[in-house]
Protein chains: 2
Amino acid sequence: MAGGSREPGRTVTSKVLALLGAFDAEHPQLTLTELARRGGVPLSTAHRLVAELEEWQALARGPDGRLRVGLRLWELGQLAPGRLVGLAHPWLQELFGTTGENVHLAIRDGMEVLYVDKVYGRRAVPIVSRTGGRLPMHPTGVGRALLAHEPDWFVSSYLARKLERPTPHTITEPGRLARELATVRAQGYALTYEEMTLGSCSAAAPILVDGRAVAALGIVLSSRRARELPRLVEPLLHAAGRIARALGQVSPPASGSGP
Amino acid sequence: MAGGSREPGRTVTSKVLALLGAFDAEHPQLTLTELARRGGVPLSTAHRLVAELEEWQALARGPDGRLRVGLRLWELGQLAPGRLVGLAHPWLQELFGTTGENVHLAIRDGMEVLYVDKVYGRRAVPIVSRTGGRLPMHPTGVGRALLAHEPDWFVSSYLARKLERPTPHTITEPGRLARELATVRAQGYALTYEEMTLGSCSAAAPILVDGRAVAALGIVLSSRRARELPRLVEPLLHAAGRIARALGQVSPPASGSGP
DNA sequence: GCCCTCGCTTCCACTCAGTGGAATCCTGGT
DNA sequence: ACCAGGATTCCACTGAGTGGAAGCGAGGGC
């Protein structure tokens, strides 16, 4: 920008965004120096920009003086959700009520699943998912359910990449995975056993609107209780169906625009 | 800034933030022109900045081409919550489970309450609160509970202003309100009847950590069923107490840093 | 006590990124 | 065909933004 910029062509906005982007699940709070380094912004520049962001409450300082995402940004984020979460939540709630298990809702974003809502009680098992968190598609129930309903070209390009293998039980062989997806498509739901996290298994169903999987509803429980999974499939499918129906009503179909 | 800026002293960052700030609950989606106008930014400048924000997914376009808050910003916002929501949620869930009523959690921000979490089922009554929404303190249960535990100087300056009056039942006379707050402090919870919305009433309890009300837990129901309110106070207080205890454990006290 | 490290804050002369009014291009309504 | 409203594109001017360097301050080792 103006001034003796060493890296011409870099816009102010890009720096602001780089600073914001420096925060993630593993780094929810940072010192100014860390923030500047992670954002690739010179310290003095970061200092100036951060001051402005802080004033607006886009960023805030924790009790220890470290920087974290501010309230105002959280508030702003709450405006993003489209109809999906609002319509689906009561059904997640109901499913939680009848099963007592961790229930969550996810959408696809790029080649990952993004968890957009979650209902959990006190006996919450290991944190497998987090609202706002991302996980790969193939080892998760919801991811599998979504992937099964993507067009062929998408699935092929998904399988063509090197697939992560978070546990020894994760299926990564393209052939086997493809067969698995066919099963999911045929039976209407996906089951996974310790493919993402040792100690937990899941069932998930796609939410189909006009044949497109706009989201997936999933239920997770401790793998010690894996035998109970099949019992949960019926209520799961029921809830997924009701959400799909609710989304199908009124106005332009769901649209991937927001959670 | 650089160039023929008509309004010297305005930073790029301030413009970016003004654009983001143009979105609110009443205006969750805007055309570029509206956005520019609301943000007080010249159209051509807004056009350029928005393009960059859109690329980063800070903003996104709905199916109709209008702009809305983007996924990335929502995701970022999810990093803001401190320990409060995570620790409290299971208890909201439990309270919802035992009562079946709308339950929500709010903190104070400035002179308003900010709703940071909410659990509701299918028979959700009129939308009194919204996660990420703000309401005045005096006519809401949670607001009343929080206000009652603020220091005197804060309460005085709160009462000194002209108080909104969303319904005919809203108490706005400073004297009466002050007495009401004393009662709340004495009995440990607040009750309101149709003070914020006609047709609904609420009970709320502060979450006290080291004598400071860091948040408030509230329950809302249709005023037709107002007689059931007293029955709900005990479980409400129980849940609030458990949340307070959970927050009291470990490390620096709650801190107002985030929801 | 002294020195060193590491992070934060302030300073300032240079300059190109950012500016915004105006012209142009769409799009949809009549 | 014409018009209105919004979205794009253009471009010459210039002060906002830049970032290296120096100063400050808290903690920790010796």
# chains A, B, ... in the order shown; residues from 1 in each chain; ligands from 1
>>> select_by_dssp(residues="stretch 9-66 of chain B", states="strand (DSSP E)", output="list in words")
Gln29, Leu30, Leu59, Ala60 and Arg61 of chain B
>>> write_last_selection(atoms="N, CA and C atoms", output="tab-separated table (two decimals), in the first residue's frame")
chain	number	residue	atom	x	y	z
B	29	GLN	N	-29.65	-9.40	5.29
B	29	GLN	CA	-29.12	-9.41	3.93
B	29	GLN	C	-29.43	-8.12	3.21
B	30	LEU	N	-28.45	-7.68	2.44
B	30	LEU	CA	-28.50	-6.36	1.84
B	30	LEU	C	-27.95	-6.40	0.41
B	59	LEU	N	-18.23	-12.45	3.69
B	59	LEU	CA	-19.58	-12.20	3.21
B	59	LEU	C	-19.88	-13.24	2.14
B	60	ALA	N	-21.16	-13.48	1.91
B	60	ALA	CA	-21.55	-14.42	0.86
B	60	ALA	C	-22.82	-13.90	0.22
B	61	ARG	N	-23.08	-14.37	-0.97
B	61	ARG	CA	-24.30	-13.94	-1.64
B	61	ARG	C	-25.36	-15.01	-1.53
>>> interface_residues(of="chain A", to="chain B", cutoff="8 Å", atoms="only C-alpha atoms", output="ChimeraX atom specification")
/A:2,12-14,16-17,20-21,23-25,28,49,52-53,56,60-63,68-71,73-81,89-91,93-94,97,119-122,131-133,252,255,257-259
>>> write_last_selection(atoms="C-alpha atoms", output="PDB file, in the first residue's frame")
ATOM      1  CA  ALA A   2       0.987   3.529   0.474  1.00  0.00           C
ATOM      2  CA  VAL A  12      -5.147  -3.471   3.911  1.00  0.00           C
ATOM      3  CA  THR A  13      -8.214  -5.641   3.856  1.00  0.00           C
ATOM      4  CA  SER A  14      -6.184  -8.735   3.128  1.00  0.00           C
ATOM      5  CA  VAL A  16      -7.084  -7.520   8.382  1.00  0.00           C
ATOM      6  CA  LEU A  17      -8.519 -10.800   7.153  1.00  0.00           C
ATOM      7  CA  LEU A  20      -8.635 -12.728  11.763  1.00  0.00           C
ATOM      8  CA  GLY A  21      -7.813 -15.934   9.948  1.00  0.00           C
ATOM      9  CA  PHE A  23      -7.336 -17.713  14.887  1.00  0.00           C
ATOM     10  CA  ASP A  24      -8.504 -21.283  14.680  1.00  0.00           C
ATOM     11  CA  ALA A  25      -9.610 -24.101  16.932  1.00  0.00           C
ATOM     12  CA  PRO A  28      -8.201 -19.488  19.930  1.00  0.00           C
ATOM     13  CA  LEU A  49      -4.746  -2.869  12.907  1.00  0.00           C
ATOM     14  CA  GLU A  52      -8.746  -0.788  15.606  1.00  0.00           C
ATOM     15  CA  LEU A  53     -10.218  -4.270  15.613  1.00  0.00           C
ATOM     16  CA  TRP A  56     -14.739  -2.405  17.452  1.00  0.00           C
ATOM     17  CA  ALA A  60     -10.910  -8.758  22.584  1.00  0.00           C
ATOM     18  CA  ARG A  61      -8.287  -9.389  25.209  1.00  0.00           C
ATOM     19  CA  GLY A  62      -8.644 -12.195  27.680  1.00  0.00           C
ATOM     20  CA  PRO A  63      -7.829 -11.721  31.346  1.00  0.00           C
ATOM     21  CA  ARG A  68      -9.164 -13.655  21.155  1.00  0.00           C
ATOM     22  CA  VAL A  69     -12.120 -13.307  18.836  1.00  0.00           C
ATOM     23  CA  GLY A  70     -14.432 -10.621  20.141  1.00  0.00           C
ATOM     24  CA  LEU A  71     -18.071 -10.607  21.073  1.00  0.00           C
ATOM     25  CA  LEU A  73     -17.761 -10.947  15.697  1.00  0.00           C
ATOM     26  CA  TRP A  74     -19.592 -13.743  17.436  1.00  0.00           C
ATOM     27  CA  GLU A  75     -22.747 -11.700  17.282  1.00  0.00           C
ATOM     28  CA  LEU A  76     -22.225 -11.000  13.621  1.00  0.00           C
ATOM     29  CA  GLY A  77     -21.679 -14.665  12.960  1.00  0.00           C
ATOM     30  CA  GLN A  78     -25.049 -15.448  14.455  1.00  0.00           C
ATOM     31  CA  LEU A  79     -26.607 -13.637  11.515  1.00  0.00           C
ATOM     32  CA  ALA A  80     -25.092 -16.048   9.019  1.00  0.00           C
ATOM     33  CA  PRO A  81     -27.280 -19.079   9.610  1.00  0.00           C
ATOM     34  CA  HIS A  89     -32.837 -27.488  15.884  1.00  0.00           C
ATOM     35  CA  PRO A  90     -36.166 -28.498  17.417  1.00  0.00           C
ATOM     36  CA  TRP A  91     -35.797 -31.874  15.761  1.00  0.00           C
ATOM     37  CA  GLN A  93     -33.705 -31.478  20.381  1.00  0.00           C
ATOM     38  CA  GLU A  94     -36.451 -34.043  20.002  1.00  0.00           C
ATOM     39  CA  GLY A  97     -34.882 -36.169  24.058  1.00  0.00           C
ATOM     40  CA  VAL A 119     -27.143 -30.924  21.211  1.00  0.00           C
ATOM     41  CA  TYR A 120     -25.527 -32.723  24.073  1.00  0.00           C
ATOM     42  CA  GLY A 121     -26.252 -33.530  27.664  1.00  0.00           C
ATOM     43  CA  ARG A 122     -24.216 -34.022  30.779  1.00  0.00           C
ATOM     44  CA  THR A 131     -20.035 -26.408  16.538  1.00  0.00           C
ATOM     45  CA  GLY A 132     -17.978 -24.526  13.993  1.00  0.00           C
ATOM     46  CA  GLY A 133     -15.540 -27.412  13.738  1.00  0.00           C
ATOM     47  CA  PRO A 252     -36.209 -21.233  -2.760  1.00  0.00           C
ATOM     48  CA  SER A 255     -29.420 -23.374  -0.798  1.00  0.00           C
ATOM     49  CA  SER A 257     -25.655 -20.288   1.473  1.00  0.00           C
ATOM     50  CA  GLY A 258     -25.351 -20.679   5.216  1.00  0.00           C
ATOM     51  CA  PRO A 259     -25.613 -23.065   8.145  1.00  0.00           C
TER      52      PRO A 259
END
>>> select_by_dssp(residues="stretch 7-227 of chain A", states="alpha helix (DSSP H)", output="ChimeraX atom specification")
/A:12-21,32-39,43-55,71-77,83-99,141-147,152-160,174-187
>>> interface_residues(of="chain D", to="chain B", cutoff="8 Å", atoms="only C-alpha atoms (C1' of nucleotides)", output="number ranges by chain")
D: 6-7, 13-17
>>> interface_residues(of="chain C", to="chain B", cutoff="9 Å", atoms="only C-alpha atoms (C1' of nucleotides)", output="number ranges by chain")
C: 16-20
>>> closest_atom_pairs(of="stretch 23-110 of chain A", to="stretch 213-234 of chain A", cutoff="6 Å", atoms="only C-alpha atoms", output="JSON lines")
{"residue": "A:Asn102", "atom": "CA", "partner": "A:Val220", "partner_atom": "CA", "distance": 5.4}
{"residue": "A:Val103", "atom": "CA", "partner": "A:Ile219", "partner_atom": "CA", "distance": 4.5}
{"residue": "A:His104", "atom": "CA", "partner": "A:Gly218", "partner_atom": "CA", "distance": 5.2}
{"residue": "A:Leu105", "atom": "CA", "partner": "A:Leu217", "partner_atom": "CA", "distance": 4.7}
{"residue": "A:Ala106", "atom": "CA", "partner": "A:Ala216", "partner_atom": "CA", "distance": 5.4}
{"residue": "A:Ile107", "atom": "CA", "partner": "A:Ala215", "partner_atom": "CA", "distance": 4.5}
>>> write_last_selection(atoms="N, CA and C atoms", output="compact mmCIF listing (two decimals), in the first residue's frame")
# COMPACT_ATOMS: atom_id res chain seq x y z
N ASN A 102 -25.68 -37.78 22.10
CA ASN A 102 -25.16 -36.62 21.39
C ASN A 102 -25.70 -36.59 19.96
N VAL A 103 -26.25 -35.47 19.60
CA VAL A 103 -26.83 -35.33 18.27
C VAL A 103 -26.19 -34.12 17.61
N HIS A 104 -25.86 -34.23 16.32
CA HIS A 104 -25.35 -33.03 15.66
C HIS A 104 -25.76 -32.93 14.21
N LEU A 105 -25.59 -31.71 13.69
CA LEU A 105 -26.02 -31.40 12.33
C LEU A 105 -24.81 -30.84 11.59
N ALA A 106 -24.59 -31.33 10.38
CA ALA A 106 -23.42 -30.87 9.64
C ALA A 106 -23.75 -30.61 8.18
N ILE A 107 -22.98 -29.73 7.56
CA ILE A 107 -23.12 -29.51 6.13
C ILE A 107 -21.76 -29.77 5.50
>>> residues_around(residues="B:Gly110", least_positions_apart="2", cutoff="12 Å", atoms="only C-alpha atoms (C1' of nucleotides)", output="PyMOL selection string")
(chain A and resi 71) or (chain B and resi 107-108+112-114+134-137+143+146-147+150+154-155+157-158+256)
>>> atom_distance(atom1="atom C1' of D:DC3", atom2="atom C1' of C:DT30")
8.9 Å
>>> closest_residue(among="B:Ala190, B:Leu84, B:Ala203, B:Met111", to="B:Ser156", atoms="only C-alpha atoms")
B:Met111
>>> closest_residue(among="A:Pro174, A:Gly211, A:Pro166, A:Gly65", to="A:Gly248", atoms="only C-alpha atoms")
A:Gly211
>>> decode(residues="chain D", atoms="C-alpha atoms (C1' of nucleotides)", output="CSV table (one decimal), in the first residue's frame")
chain,number,residue,atom,x,y,z
D,1,DA,C1',-38.2,1.3,-27.0
D,2,DC,C1',-37.5,3.8,-22.8
D,3,DC,C1',-36.5,4.3,-18.1
D,4,DA,C1',-34.9,3.5,-13.3
D,5,DG,C1',-31.9,1.3,-10.0
D,6,DG,C1',-28.4,-1.2,-9.1
D,7,DA,C1',-23.8,-3.2,-10.3
D,8,DT,C1',-19.3,-2.5,-12.7
D,9,DT,C1',-15.4,-0.3,-14.6
D,10,DC,C1',-12.1,3.5,-15.2
D,11,DC,C1',-8.4,6.5,-13.9
D,12,DA,C1',-5.4,10.5,-12.2
D,13,DC,C1',-4.4,12.3,-7.8
D,14,DT,C1',-2.4,12.1,-3.1
D,15,DG,C1',-2.2,11.4,2.1
D,16,DA,C1',-3.1,7.1,4.7
D,17,DG,C1',-0.6,3.4,5.5
D,18,DT,C1',3.8,1.5,5.8
D,19,DG,C1',7.4,-1.1,8.5
D,20,DG,C1',12.3,-0.8,10.1
D,21,DA,C1',14.4,0.8,14.0
D,22,DA,C1',14.6,2.5,18.5
D,23,DG,C1',12.7,2.7,23.1
D,24,DC,C1',10.1,0.6,27.0
D,25,DG,C1',9.0,-2.9,30.6
D,26,DA,C1',8.2,-7.2,32.7
D,27,DG,C1',10.0,-11.6,33.9
D,28,DG,C1',13.8,-14.9,34.8
D,29,DG,C1',18.4,-16.7,35.3
D,30,DC,C1',22.7,-16.1,37.6
